[in-house]
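Taking it in order: structure first as structure tokens, then the write-up.
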Amino acid sequence: MAEGIDAEKERAMKKILLIVNIIILAIGVCGGPLILRLYFIHGGNRVWLSSTLQTAGFPIILVPLTITYIIRRRNFSSATTTNDKKPKMINMKLPLFLASSFVGLLLGVDDYLYSYGVARLPVSTSALIIASQLAFTAIFAFFMVKQKFTAFSINAVFLLTLASGVLALHSSGDRPEGETSKEYLMGFIMTLLAAALYGFVLPLVELVYKKTKQEITFGVVLEIQFVMSLAATIFCVIGMSINHDFQAISREARNYELGEATYYVVLVVSAIIWQLGFLGSLGVIYCASSLLSGIMIAVSVPITEVLAIIFYKEKFKAEKGLSLVLAAWGFVSYFYGEYKQAKQIPIEPTPEPELTQIHSVLEP
């Protein structure tokens, strides 16, 4: 009886953790493109710098990492038995470190592709292209992690992809003034490549979780994010050095339309918001799946559209309203399917070995 109660409590805690990560993901995915576009439209033109900002906020991960370490130390000190090993600050082993570093390099490439596109496309256009990553995520997840699809999840993927397609109906009229057709086309292609690559990265992270031979706790997830972001940042910093961006930052700041102080505020806030989005993305994969992470990113597209209309005075066309309705429909469809599936699973007392495993997964 006690085992069943403990298992139910663990499931409830994981649901709470999932909700928190979804909120963090939404903040990052909606806020990131808006702040990044703010950098470009007021005088910023450094693509490698904006690429670096997407992962340069990784030092803030040290805060939750330290907190989880303190919690582990306290739990160890208060334990009645001493069979467990003394908690370590870093739990990541070499194979997981190497895998995380490789994924981080791919993430650095994706950051550059995305920044190149955002520099040349309006928020509305770049957001709708990025939403196409859901289709790529679904395909890669099916082959890489054997993602199981239900009628509801297939319907959600279809509706959310359709919502992005609807936005594309009049995107050709969004080309910024003074930009050539070739520049606009290159921005479109690079953003589409960024969507495809990110659609590959999400299932790849889930595959790393499943294939690694060490236990994956939320603390280890934070370590994975730290290493991935560090690798991506190093990749982009090398690009900045080759492009001589470091010498140009002070000059760009002085000429920034909103002022030099605002320039640096935009850079710092951008780095923090992007890191929150990345943390939420990995957290959703840990608590659920890469497919759900992709769905949440796709759902954010119409929201980003609305925010772009409010802050950047972009036109609210009929297709944007239709896209918002389709995205909401797809969102509800997915979670209704999850709700029905959860009701069909009987709650049974968890055997002792499995209960131990559940605890180990959810501890910091």
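Every chain in the structure tokens has a letter given in the order shown (A, B, ...), and although residue numbers restart at 1 in each chain, ligands are simply numbered from 1 in the order shown.
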Long-range neighbours of A:Ser101 as an MDAnalysis selection string, 8 Å cut-off, only C-alpha atoms, 4 positions minimum in chain: chainID A and resid 97 105 227:228 231
Selected residues written out with N, CA and C atoms, as a PDB file, in the first residue's frame:
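Saved the output as again_5.pdb:
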ATOM      1  N   PHE A  97      29.633  12.713 -21.593  1.00  0.00           N
ATOM      2  CA  PHE A  97      30.259  14.007 -21.864  1.00  0.00           C
ATOM      3  C   PHE A  97      30.568  14.158 -23.352  1.00  0.00           C
ATOM      4  N   LEU A 105      27.889  20.711 -30.544  1.00  0.00           N
ATOM      5  CA  LEU A 105      28.438  21.242 -31.785  1.00  0.00           C
ATOM      6  C   LEU A 105      27.359  21.371 -32.856  1.00  0.00           C
ATOM      7  N   VAL A 227      27.072  21.185 -20.710  1.00  0.00           N
ATOM      8  CA  VAL A 227      28.110  20.755 -21.659  1.00  0.00           C
ATOM      9  C   VAL A 227      27.700  21.082 -23.089  1.00  0.00           C
ATOM     10  N   MET A 228      26.438  20.821 -23.435  1.00  0.00           N
ATOM     11  CA  MET A 228      25.964  21.117 -24.786  1.00  0.00           C
ATOM     12  C   MET A 228      26.071  22.605 -25.093  1.00  0.00           C
ATOM     13  N   ALA A 231      29.758  23.653 -25.499  1.00  0.00           N
ATOM     14  CA  ALA A 231      30.306  23.248 -26.797  1.00  0.00           C
ATOM     15  C   ALA A 231      29.781  24.137 -27.919  1.00  0.00           C
TER      16      ALA A 231
END
Every residue of stretch 38-87 of chain A that DSSP places in helix (DSSP H, G or I), as number ranges by chain: A: 38-41, 47-53, 58-78
Counting only C-alpha atoms, give me one row per residue of stretch 134-172 of chain A with an atom at most 6 Å from an atom of stretch 311-335 of chain A, showing the shortest contact pair and its distance in Å to one decimal, sorted by chain then residue number, as CSV.
residue,atom,partner,partner_atom,distance
A:Phe152,CA,A:Tyr334,CA,5.4
A:Ser153,CA,A:Tyr334,CA,5.1
A:Ala156,CA,A:Gly330,CA,4.1
A:Leu159,CA,A:Gly330,CA,5.2
A:Leu160,CA,A:Ala327,CA,5.1
A:Ala163,CA,A:Ser323,CA,4.3
A:Val166,CA,A:Glu319,CA,5.9
A:Leu167,CA,A:Glu319,CA,5.8
Gap from atom CA of A:Ile297 to atom CA of A:Glu8 - Å, one decimal: 28.9 Å
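Counting only C-alpha atoms and comparing A:Ile129, A:Leu307, A:Ala56, A:Leu36, the residue that lies closest to A:Ser229 is A:Ala56.
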Residues within 6 Å of stretch 272-284 of chain A, only C-alpha atoms, excluding chain neighbours under 2 positions, as a PyMOL selection string: chain A and resi 18+21+24-25+28-29+32+54-55+57+269-270+286-288+293
Export N, CA and C atoms of the chosen residues as a CSV table (one decimal), in the first residue's frame?
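Saved as again.csv:
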chain,number,residue,atom,x,y,z
A,18,LEU,N,7.1,18.6,-15.3
A,18,LEU,CA,6.8,18.7,-16.7
A,18,LEU,C,6.2,20.1,-17.0
A,21,ASN,N,8.7,22.9,-16.7
A,21,ASN,CA,9.5,22.9,-17.9
A,21,ASN,C,8.8,23.4,-19.2
A,24,ILE,N,8.8,27.2,-18.8
A,24,ILE,CA,10.1,27.8,-19.1
A,24,ILE,C,10.4,27.7,-20.6
A,25,LEU,N,10.0,26.6,-21.2
A,25,LEU,CA,10.2,26.5,-22.7
A,25,LEU,C,9.4,27.5,-23.4
A,28,GLY,N,11.1,30.9,-23.2
A,28,GLY,CA,12.3,31.0,-24.1
A,28,GLY,C,12.0,31.0,-25.6
A,29,VAL,N,11.1,30.2,-26.0
A,29,VAL,CA,10.8,30.0,-27.4
A,29,VAL,C,10.0,31.3,-27.9
A,32,GLY,N,12.8,34.5,-27.1
A,32,GLY,CA,14.0,34.5,-27.8
A,32,GLY,C,14.0,35.2,-29.2
A,54,GLN,N,22.6,32.6,-28.1
A,54,GLN,CA,21.6,31.6,-27.9
A,54,GLN,C,22.0,30.5,-26.9
A,55,THR,N,23.3,30.4,-26.7
A,55,THR,CA,23.8,29.4,-25.7
A,55,THR,C,24.7,30.0,-24.7
A,57,GLY,N,24.3,31.8,-22.3
A,57,GLY,CA,23.8,32.0,-20.9
A,57,GLY,C,24.0,30.7,-20.1
A,269,VAL,N,19.9,39.9,-21.8
A,269,VAL,CA,18.5,39.4,-21.7
A,269,VAL,C,18.3,38.3,-22.8
A,270,SER,N,18.9,38.5,-24.0
A,270,SER,CA,18.7,37.5,-25.0
A,270,SER,C,19.4,36.2,-24.6
A,286,TYR,N,13.1,15.0,-21.0
A,286,TYR,CA,13.4,14.2,-19.9
A,286,TYR,C,12.1,13.7,-19.2
A,287,CYS,N,11.1,14.6,-19.1
A,287,CYS,CA,9.8,14.2,-18.4
A,287,CYS,C,8.8,13.5,-19.3
A,288,ALA,N,8.9,13.8,-20.6
A,288,ALA,CA,8.0,13.2,-21.6
A,288,ALA,C,8.7,12.6,-22.8
A,293,SER,N,8.2,18.0,-26.9
A,293,SER,CA,9.0,19.2,-26.9
A,293,SER,C,8.8,19.9,-28.3
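Here atom CA of A:Gln247 stands at a distance of 11.4 Å from atom CA of A:Arg46.
The gap separating atom CA of A:Val266 from atom CA of A:Tyr39 is 6.8 Å, in Å to one decimal.
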Contact residues around stretch 214-223 of chain A with only C-alpha atoms at 10 Å, ignoring same-chain residues under 4 positions, as a PyMOL selection string: chain A and resi 17+58+61-62+64-69+72+89-93+95-97+100+208-210+227-229+279+282-283+285-287+357-364
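Residue nearest A:Asn45, chosen from A:Thr262, A:Thr233, A:Ser115, A:Thr150 and counting only C-alpha atoms: A:Ser115.
With only C-alpha atoms as the atoms that count, the minimum distance from A:Ala135 to the choices A:Val20, A:Val157, A:Val47, A:Leu107 is reached by A:Val157.
Among the candidate residues A:Ala261, A:Leu134, A:Leu202, A:Val103, the one lying nearest to A:Leu162 is A:Leu134, with distances computed using only C-alpha atoms.
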Nearby residues (only C-alpha atoms) at most 9 Å from A:Gly187, same-chain spacing under 5 positions excluded, as a ChimeraX atom specification: /A:113-114,116-121,126,182,192
Grab the residues selected above and save them as a short mmCIF file (atom, residue, chain, number, x, y, z; two decimals), in the first residue's frame with all heavy atoms.
data_model
loop_
_atom_site.label_atom_id
_atom_site.label_comp_id
_atom_site.auth_asym_id
_atom_site.auth_seq_id
_atom_site.Cartn_x
_atom_site.Cartn_y
_atom_site.Cartn_z
N LEU A 113 22.68 28.95 -38.30
CA LEU A 113 21.69 28.91 -39.37
C LEU A 113 20.46 29.74 -39.01
O LEU A 113 19.94 30.51 -39.83
CB LEU A 113 21.28 27.46 -39.64
CG LEU A 113 22.35 26.52 -40.22
CD1 LEU A 113 21.82 25.09 -40.26
CD2 LEU A 113 22.78 26.97 -41.60
N TYR A 114 20.03 29.61 -37.76
CA TYR A 114 18.84 30.33 -37.31
C TYR A 114 19.09 31.84 -37.27
O TYR A 114 18.26 32.63 -37.74
CB TYR A 114 18.42 29.82 -35.93
CG TYR A 114 17.23 30.57 -35.36
CD1 TYR A 114 15.96 30.38 -35.89
CD2 TYR A 114 17.39 31.47 -34.30
CE1 TYR A 114 14.87 31.07 -35.38
CE2 TYR A 114 16.31 32.16 -33.79
CZ TYR A 114 15.06 31.95 -34.33
OH TYR A 114 13.99 32.64 -33.83
N TYR A 116 21.24 33.58 -38.94
CA TYR A 116 21.37 34.07 -40.32
C TYR A 116 19.97 34.34 -40.89
O TYR A 116 19.75 35.36 -41.55
CB TYR A 116 22.10 33.05 -41.18
CG TYR A 116 22.45 33.54 -42.57
CD1 TYR A 116 23.72 34.03 -42.85
CD2 TYR A 116 21.51 33.51 -43.60
CE1 TYR A 116 24.05 34.48 -44.13
CE2 TYR A 116 21.83 33.96 -44.88
CZ TYR A 116 23.10 34.44 -45.13
OH TYR A 116 23.42 34.90 -46.39
N GLY A 117 19.04 33.43 -40.63
CA GLY A 117 17.68 33.60 -41.15
C GLY A 117 16.94 34.74 -40.48
O GLY A 117 16.29 35.55 -41.16
N VAL A 118 17.05 34.84 -39.14
CA VAL A 118 16.34 35.89 -38.41
C VAL A 118 16.85 37.28 -38.82
O VAL A 118 16.10 38.25 -38.82
CB VAL A 118 16.51 35.68 -36.89
CG1 VAL A 118 15.97 36.88 -36.11
CG2 VAL A 118 15.78 34.42 -36.46
N ALA A 119 18.13 37.37 -39.18
CA ALA A 119 18.71 38.65 -39.58
C ALA A 119 18.08 39.17 -40.87
O ALA A 119 18.12 40.37 -41.15
CB ALA A 119 20.22 38.52 -39.76
N ARG A 120 17.48 38.28 -41.64
CA ARG A 120 16.96 38.66 -42.96
C ARG A 120 15.46 38.48 -43.11
O ARG A 120 14.89 38.84 -44.14
CB ARG A 120 17.69 37.85 -44.05
CG ARG A 120 19.14 38.30 -44.22
CD ARG A 120 20.01 37.24 -44.83
NE ARG A 120 21.37 37.75 -45.03
CZ ARG A 120 22.27 37.83 -44.05
NH1 ARG A 120 21.96 37.44 -42.82
NH2 ARG A 120 23.48 38.30 -44.28
N LEU A 121 14.81 37.90 -42.12
CA LEU A 121 13.38 37.65 -42.20
C LEU A 121 12.65 38.32 -41.05
O LEU A 121 13.19 38.45 -39.94
CB LEU A 121 13.09 36.14 -42.16
CG LEU A 121 13.73 35.28 -43.25
CD1 LEU A 121 13.41 33.81 -42.97
CD2 LEU A 121 13.22 35.67 -44.63
N SER A 126 10.09 33.99 -39.98
CA SER A 126 11.07 33.06 -39.41
C SER A 126 10.40 32.10 -38.42
O SER A 126 10.75 30.92 -38.35
CB SER A 126 12.20 33.82 -38.71
OG SER A 126 11.71 34.62 -37.66
N LYS A 182 17.44 37.76 -53.37
CA LYS A 182 18.45 36.74 -53.09
C LYS A 182 18.71 36.64 -51.59
O LYS A 182 18.81 35.54 -51.04
CB LYS A 182 19.74 37.07 -53.83
CG LYS A 182 20.83 36.03 -53.64
CD LYS A 182 22.09 36.39 -54.42
CE LYS A 182 23.18 35.34 -54.20
NZ LYS A 182 24.43 35.69 -54.95
N LEU A 192 15.07 27.28 -42.79
CA LEU A 192 14.50 25.96 -43.00
C LEU A 192 15.51 24.87 -42.61
O LEU A 192 15.14 23.86 -41.98
CB LEU A 192 14.08 25.78 -44.46
CG LEU A 192 13.39 24.46 -44.82
CD1 LEU A 192 12.09 24.30 -44.03
CD2 LEU A 192 13.11 24.39 -46.32
#
Near-A:Leu204 list (12 Å; only C-alpha atoms; drop same-chain fewer than 4 positions) as a PyMOL selection string: chain A and resi 99-100+102-104+106-107+137+140-146+197-200+208-212+282+285+289-291
Output N, CA and C atoms for every residue in the selection just made, as a PDB file, in the first residue's frame.
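What landed in out_8.pdb:
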ATOM      1  N   ALA A  99      29.186  12.492 -25.885  1.00  0.00           N
ATOM      2  CA  ALA A  99      27.928  12.549 -26.640  1.00  0.00           C
ATOM      3  C   ALA A  99      27.303  13.935 -26.536  1.00  0.00           C
ATOM      4  N   SER A 100      27.304  14.513 -25.341  1.00  0.00           N
ATOM      5  CA  SER A 100      26.728  15.844 -25.130  1.00  0.00           C
ATOM      6  C   SER A 100      27.510  16.905 -25.894  1.00  0.00           C
ATOM      7  N   PHE A 102      29.177  16.458 -28.696  1.00  0.00           N
ATOM      8  CA  PHE A 102      28.855  16.315 -30.117  1.00  0.00           C
ATOM      9  C   PHE A 102      27.517  16.973 -30.439  1.00  0.00           C
ATOM     10  N   VAL A 103      26.513  16.712 -29.601  1.00  0.00           N
ATOM     11  CA  VAL A 103      25.200  17.337 -29.819  1.00  0.00           C
ATOM     12  C   VAL A 103      25.329  18.852 -29.699  1.00  0.00           C
ATOM     13  N   GLY A 104      26.181  19.315 -28.784  1.00  0.00           N
ATOM     14  CA  GLY A 104      26.404  20.743 -28.621  1.00  0.00           C
ATOM     15  C   GLY A 104      26.972  21.400 -29.868  1.00  0.00           C
ATOM     16  N   LEU A 106      26.480  20.356 -32.928  1.00  0.00           N
ATOM     17  CA  LEU A 106      25.349  20.443 -33.863  1.00  0.00           C
ATOM     18  C   LEU A 106      24.454  21.623 -33.504  1.00  0.00           C
ATOM     19  N   LEU A 107      24.283  21.842 -32.214  1.00  0.00           N
ATOM     20  CA  LEU A 107      23.462  22.960 -31.751  1.00  0.00           C
ATOM     21  C   LEU A 107      24.099  24.291 -32.146  1.00  0.00           C
ATOM     22  N   THR A 137      10.900  16.622 -36.436  1.00  0.00           N
ATOM     23  CA  THR A 137      11.014  15.936 -35.146  1.00  0.00           C
ATOM     24  C   THR A 137      10.225  14.640 -35.148  1.00  0.00           C
ATOM     25  N   PHE A 140      12.121  12.028 -37.398  1.00  0.00           N
ATOM     26  CA  PHE A 140      13.348  11.536 -36.771  1.00  0.00           C
ATOM     27  C   PHE A 140      13.049  10.744 -35.493  1.00  0.00           C
ATOM     28  N   ALA A 141      12.043  11.179 -34.727  1.00  0.00           N
ATOM     29  CA  ALA A 141      11.695  10.472 -33.493  1.00  0.00           C
ATOM     30  C   ALA A 141      11.174   9.073 -33.796  1.00  0.00           C
ATOM     31  N   PHE A 142      10.453   8.943 -34.901  1.00  0.00           N
ATOM     32  CA  PHE A 142       9.915   7.633 -35.285  1.00  0.00           C
ATOM     33  C   PHE A 142      11.041   6.646 -35.572  1.00  0.00           C
ATOM     34  N   PHE A 143      12.066   7.115 -36.276  1.00  0.00           N
ATOM     35  CA  PHE A 143      13.161   6.216 -36.666  1.00  0.00           C
ATOM     36  C   PHE A 143      14.237   6.078 -35.581  1.00  0.00           C
ATOM     37  N   MET A 144      14.491   7.132 -34.818  1.00  0.00           N
ATOM     38  CA  MET A 144      15.609   7.118 -33.878  1.00  0.00           C
ATOM     39  C   MET A 144      15.243   6.558 -32.509  1.00  0.00           C
ATOM     40  N   VAL A 145      14.065   6.922 -31.996  1.00  0.00           N
ATOM     41  CA  VAL A 145      13.684   6.483 -30.643  1.00  0.00           C
ATOM     42  C   VAL A 145      12.401   5.660 -30.648  1.00  0.00           C
ATOM     43  N   LYS A 146      11.965   5.248 -31.843  1.00  0.00           N
ATOM     44  CA  LYS A 146      10.772   4.402 -31.972  1.00  0.00           C
ATOM     45  C   LYS A 146       9.550   5.054 -31.316  1.00  0.00           C
ATOM     46  N   LEU A 197      17.541  20.748 -38.753  1.00  0.00           N
ATOM     47  CA  LEU A 197      18.606  20.304 -37.860  1.00  0.00           C
ATOM     48  C   LEU A 197      18.113  20.219 -36.419  1.00  0.00           C
ATOM     49  N   TYR A 198      17.309  21.187 -35.994  1.00  0.00           N
ATOM     50  CA  TYR A 198      16.786  21.144 -34.622  1.00  0.00           C
ATOM     51  C   TYR A 198      15.789  20.002 -34.461  1.00  0.00           C
ATOM     52  N   GLY A 199      15.064  19.711 -35.536  1.00  0.00           N
ATOM     53  CA  GLY A 199      14.162  18.561 -35.513  1.00  0.00           C
ATOM     54  C   GLY A 199      14.923  17.255 -35.365  1.00  0.00           C
ATOM     55  N   PHE A 200      16.183  17.243 -35.777  1.00  0.00           N
ATOM     56  CA  PHE A 200      17.056  16.080 -35.592  1.00  0.00           C
ATOM     57  C   PHE A 200      17.672  16.065 -34.195  1.00  0.00           C
ATOM     58  N   VAL A 208      20.218   9.913 -26.573  1.00  0.00           N
ATOM     59  CA  VAL A 208      21.333   9.945 -25.620  1.00  0.00           C
ATOM     60  C   VAL A 208      20.849   9.550 -24.229  1.00  0.00           C
ATOM     61  N   TYR A 209      19.680  10.071 -23.833  1.00  0.00           N
ATOM     62  CA  TYR A 209      19.104   9.700 -22.534  1.00  0.00           C
ATOM     63  C   TYR A 209      18.919   8.185 -22.434  1.00  0.00           C
ATOM     64  N   LYS A 210      18.422   7.587 -23.519  1.00  0.00           N
ATOM     65  CA  LYS A 210      18.056   6.173 -23.485  1.00  0.00           C
ATOM     66  C   LYS A 210      19.258   5.250 -23.610  1.00  0.00           C
ATOM     67  N   LYS A 211      20.249   5.655 -24.395  1.00  0.00           N
ATOM     68  CA  LYS A 211      21.372   4.768 -24.691  1.00  0.00           C
ATOM     69  C   LYS A 211      22.530   4.877 -23.703  1.00  0.00           C
ATOM     70  N   THR A 212      22.592   5.961 -22.958  1.00  0.00           N
ATOM     71  CA  THR A 212      23.697   6.096 -22.020  1.00  0.00           C
ATOM     72  C   THR A 212      23.618   5.022 -20.943  1.00  0.00           C
ATOM     73  N   LEU A 282      15.011  20.555 -22.944  1.00  0.00           N
ATOM     74  CA  LEU A 282      15.612  19.317 -22.442  1.00  0.00           C
ATOM     75  C   LEU A 282      14.799  18.734 -21.290  1.00  0.00           C
ATOM     76  N   ILE A 285      11.823  16.870 -22.723  1.00  0.00           N
ATOM     77  CA  ILE A 285      12.273  15.583 -23.263  1.00  0.00           C
ATOM     78  C   ILE A 285      12.492  14.588 -22.135  1.00  0.00           C
ATOM     79  N   SER A 289       8.828  13.429 -23.860  1.00  0.00           N
ATOM     80  CA  SER A 289       9.433  12.939 -25.105  1.00  0.00           C
ATOM     81  C   SER A 289       9.878  14.108 -25.961  1.00  0.00           C
ATOM     82  N   SER A 290      10.706  13.811 -26.962  1.00  0.00           N
ATOM     83  CA  SER A 290      11.134  14.847 -27.904  1.00  0.00           C
ATOM     84  C   SER A 290       9.959  15.329 -28.745  1.00  0.00           C
ATOM     85  N   LEU A 291       8.970  14.455 -28.988  1.00  0.00           N
ATOM     86  CA  LEU A 291       7.795  14.847 -29.758  1.00  0.00           C
ATOM     87  C   LEU A 291       7.021  15.942 -29.042  1.00  0.00           C
TER      88      LEU A 291
END
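Of the listed residues (A:Ala298, A:Ile71, A:Leu53, A:Ile60), A:Ala298 comes nearest to A:Phe158; the distances count only C-alpha atoms.
Nearest residue to A:Arg251, choosing from A:Val237, A:Glu183, A:Gly43, A:Arg74 and counting only C-alpha atoms: A:Gly43.
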